[in-house]
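Below you'll find the structure, written out as structure tokens, and then a few comments.
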2 protein chains.
Amino acid sequence: MNNSIKPVSLDKAYRLLNHGPTVLVSARHDGVDGVMAAAWACALDFDPPKLTVVLDKITATRVLVEGSGQFVIQVPTAAQLELTRQVGSRSLNEHPNKLADSGVKLISLGDQNLPFVSGCSAWLACRLIPEPHNQQTYDLFIGEVTAAWADERVFRDGRWHFEDADPSWRSIHHVAGGHFYGIGEALSRE
Amino acid sequence: MNNSIKPVSLDKAYRLLNHGPTVLVSARHDGVDGVMAAAWACALDFDPPKLTVVLDKITATRVLVEGSGQFVIQVPTAAQLELTRQVGSRSLNEHPNKLADSGVKLISLGDQNLPFVSGCSAWLACRLIPEPHNQQTYDLFIGEVTAAWADERVFRDGRWHFEDADPSWRSIHHVAGGHFYGIGEALSRE
């Protein structure tokens with residue numbers, strides 16, 4: 001494990017997603033690892049922390065989530081813009097070498113049997129809370145966060161430090177068609 | 001209606017939320033108008049556009065949403081940071097003059113009988129899709145967007161123009177405890 005990756009306490013885990021970044025979703029099942037990009041992920045509860053993520057029926061990663069009952073939500077950085085675009089536009093179904101060709105390197109965190117994407121700023125390991133009606137009707141998946149980590153170079157003391165970190169650490173926020181905004185400046189109290 | 005507020009076609013409505021801003025939720029029922037802040041709102045579908053929003057059981061606005069079956073999700077600006085903090089920390093239940101005291105001015109848009117908050121950058125009128133299990137178990141509400149508008153000074157031609165607009169138009173992204181980041185710069189393709 002990279003020495004700068006530290007556990008985040010579960011009561012602070014929602015803060016990793018609260019500002020609405022685009023995320024990478026990853027899952028592992030039957031020896032297959034999948035990673036996709038998702039703009040539609042959102043915190044759902046504080047304690048125990050839960051989140052929602054929308055996984056289209058055409059995605060290979062969805063099948064891995066349904067098969068294994070677990071997944072990772074991780075926060076890519078501005079340095080990973082091109083990686084995010086590539087895993088967001090290629091499907092493992094048509095592109096078996098998708099991960100390597102998109103520059104994805106997987107790492108392990110804790111004792112989880114889950115694929116974590118190297119170079120991200122934060123990672124939330126999730127247990128799927130099965131809700132078949134939501135999954136089938138809305139492509140909406142609910143996860144309970146069971147463990148979380150962040151890179152202390154940009155998240156420490158329970159909060160983001162985008163304003164002090166190198167700009168390459170900024171979270172990225174997809175608008176449409178591969179166009180993103182980076183997160184901006186901290187807004188001070190008036 | 002302010003001359004710079006223009007309709008947004010429904011197929012582009014998801015773009016108003018795709019980058020993960022903190023929003024204001026408003027609703028009207030039995031002559032009562034409520035407005036609250038919510039960081040946990042997220043696009044759910046493209047066409048017809050749908051979205052999710054988490055409404056805690058203690059909020060007065062939730063009762064108005066459940067009673068009327070409709071609500072507005074709107075995107076506040078950096079100029080509305082203090083307004084957003086105030087509607088996010090006061091409850092109409094204990095503070096009957098909450099809206100006026102928080103600086104909220106309501107406007108009408110289209111022929112909707114809904115309270116729209118003046119000064120925001122975008123507005124999505126939503127019909128509640130009743131899902132009692134989600135609402136009760138997760139405080140999770142699903143809406144279908146029936147109409148949308150944006151201020152052309154910051155959203156036009158189907159996309160955000162934060163990079164060209166005055167910084168006071170930037171969307172705000174809550175982290176925790178009344179601390180926000182503004183949205184940042186457009187990230188170019190490499």
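We label chains A, B, ... in the order they appear in the structure tokens, count residues from 1 in each chain, and number ligands from 1 in the order shown.
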Identify, on the basis of only C-alpha atoms, every residue whose closest approach to range 123-125 of chain A does not exceed 8 Å; exclude the query and any residue fewer than 3 positions from it along the same chain; express the result as an mmCIF file with C-alpha atoms, in the first residue's frame.
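File written: selection27.cif
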data_model
loop_
_atom_site.group_PDB
_atom_site.id
_atom_site.type_symbol
_atom_site.label_atom_id
_atom_site.label_comp_id
_atom_site.auth_asym_id
_atom_site.auth_seq_id
_atom_site.Cartn_x
_atom_site.Cartn_y
_atom_site.Cartn_z
ATOM 1 C CA ALA A 13 -16.775 8.613 4.792
ATOM 2 C CA GLN A 70 -19.753 -5.781 -3.418
ATOM 3 C CA PHE A 71 -18.004 -2.933 -5.189
ATOM 4 C CA VAL A 72 -15.674 0.031 -4.748
ATOM 5 C CA ILE A 73 -16.495 3.687 -5.350
ATOM 6 C CA GLN A 74 -13.307 5.718 -5.796
ATOM 7 C CA VAL A 75 -12.620 9.358 -6.558
ATOM 8 C CA GLN A 112 -10.815 -6.673 1.033
ATOM 9 C CA LEU A 114 -11.840 -5.968 -4.199
ATOM 10 C CA PHE A 116 -8.987 -0.643 -6.002
ATOM 11 C CA CYS A 120 -7.234 7.896 -6.938
ATOM 12 C CA VAL A 145 -19.736 1.581 3.012
ATOM 13 C CA THR A 146 -17.775 -0.972 5.028
ATOM 14 C CA ALA A 147 -14.332 0.668 4.873
ATOM 15 C CA ALA A 148 -12.819 3.820 3.412
ATOM 16 C CA TRP A 149 -9.378 5.208 2.643
ATOM 17 C CA ALA A 150 -7.984 8.443 1.272
#
For the interface of chain A with chain B (cut-off 7 Å, counting only C-alpha atoms), please tabulate each contacting residue of chain A alongside its nearest pair of atoms and their separation in Å to one decimal, rows sorted by chain and increasing number, as CSV.
residue,atom,partner,partner_atom,distance
A:Arg15,CA,B:Val175,CA,5.8
A:Asn18,CA,B:Val175,CA,5.4
A:His19,CA,B:His173,CA,4.6
A:Gly20,CA,B:Gly20,CA,3.8
A:Pro21,CA,B:Gly20,CA,6.2
A:Ala39,CA,B:Asn18,CA,6.4
A:Trp40,CA,B:Ala43,CA,5.9
A:Cys42,CA,B:Trp40,CA,6.0
A:Ala43,CA,B:Trp40,CA,5.9
A:Leu44,CA,B:Val54,CA,6.7
A:Val54,CA,B:Leu44,CA,6.7
A:His173,CA,B:His19,CA,4.6
A:His174,CA,B:His19,CA,5.3
A:Val175,CA,B:Asn18,CA,5.3
A:Ala176,CA,B:Arg15,CA,6.7
A:Phe180,CA,B:Leu187,CA,5.6
A:Tyr181,CA,B:Ala186,CA,4.3
A:Gly182,CA,B:Gly184,CA,5.0
A:Ile183,CA,B:Gly184,CA,4.7
A:Gly184,CA,B:Gly184,CA,3.5
A:Glu185,CA,B:Tyr181,CA,5.4
A:Ala186,CA,B:Tyr181,CA,4.3
A:Leu187,CA,B:Tyr181,CA,5.5
- Run DSSP on the backbone and give me the residues of range 12-163 of chain B it puts in helix (DSSP H, G or I), as a PyMOL selection string. chain B and resi 12-16+60-68+78-89+98-101+132-138
Within 6 Å of range 92-106 of chain B, counting only C-alpha atoms, which residues qualify if same-chain residues fewer than 5 places away don't, as a PDB file with N, CA and C atoms, in the first residue's frame?
ATOM      1  N   LEU B  83     -27.311  32.373   1.852  1.00  0.00           N
ATOM      2  CA  LEU B  83     -28.703  31.930   1.755  1.00  0.00           C
ATOM      3  C   LEU B  83     -28.774  30.400   1.862  1.00  0.00           C
ATOM      4  N   GLN B  86     -28.170  29.251   5.342  1.00  0.00           N
ATOM      5  CA  GLN B  86     -29.274  29.549   6.248  1.00  0.00           C
ATOM      6  C   GLN B  86     -30.475  28.622   6.018  1.00  0.00           C
ATOM      7  N   PRO B 115     -42.898  26.764  -5.969  1.00  0.00           N
ATOM      8  CA  PRO B 115     -42.078  27.899  -5.548  1.00  0.00           C
ATOM      9  C   PRO B 115     -40.637  27.762  -6.056  1.00  0.00           C
ATOM     10  N   PHE B 116     -40.253  28.665  -6.962  1.00  0.00           N
ATOM     11  CA  PHE B 116     -38.889  28.662  -7.506  1.00  0.00           C
ATOM     12  C   PHE B 116     -38.087  29.752  -6.810  1.00  0.00           C
ATOM     13  N   VAL B 117     -36.859  29.441  -6.423  1.00  0.00           N
ATOM     14  CA  VAL B 117     -36.038  30.400  -5.686  1.00  0.00           C
ATOM     15  C   VAL B 117     -35.321  31.332  -6.663  1.00  0.00           C
ATOM     16  N   SER B 118     -35.573  32.607  -6.508  1.00  0.00           N
ATOM     17  CA  SER B 118     -34.963  33.628  -7.357  1.00  0.00           C
ATOM     18  C   SER B 118     -33.446  33.652  -7.181  1.00  0.00           C
TER      19      SER B 118
END
- Message: Residues of range 17-100 of chain A classed as strand (DSSP E) by DSSP on the backbone are to be reported as a PyMOL selection string.
- Response: chain A and resi 23-29+32-38+41-46+49-54+70-75
- Task: Provide the CA of Arg28 in chain B to CA of Leu64 in chain B distance in Å, to one decimal place.
- Result: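 Spanning CA of Arg28 in chain B to CA of Leu64 in chain B is a straight-line distance of 5.8 Å.
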- One-decimal distance in Å that lies between CA of Leu24 in chain A and CA of Ala38 in chain A: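 The value is 6.0 Å.
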- Message: Applying 12 Å and only C-alpha atoms, which residues near Ser68 in chain A remain after dropping the ones on its own chain fewer than 2 positions away? List them as a PyMOL selection string.
- Response: chain A and resi 26-34+61-66+70-72+113-114+126-130
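In this model, the gap between CA of Thr77 in chain A and CA of Trp169 in chain A comes to 5.0 Å.
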- Smallest atom-to-atom distance to Gln135 in chain B: which of B:Asp166, B:Lys57, B:Val23, B:Ser9, using only C-alpha atoms?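 Checking each candidate against Gln135 in chain B, we get B:Lys57 as the closest.
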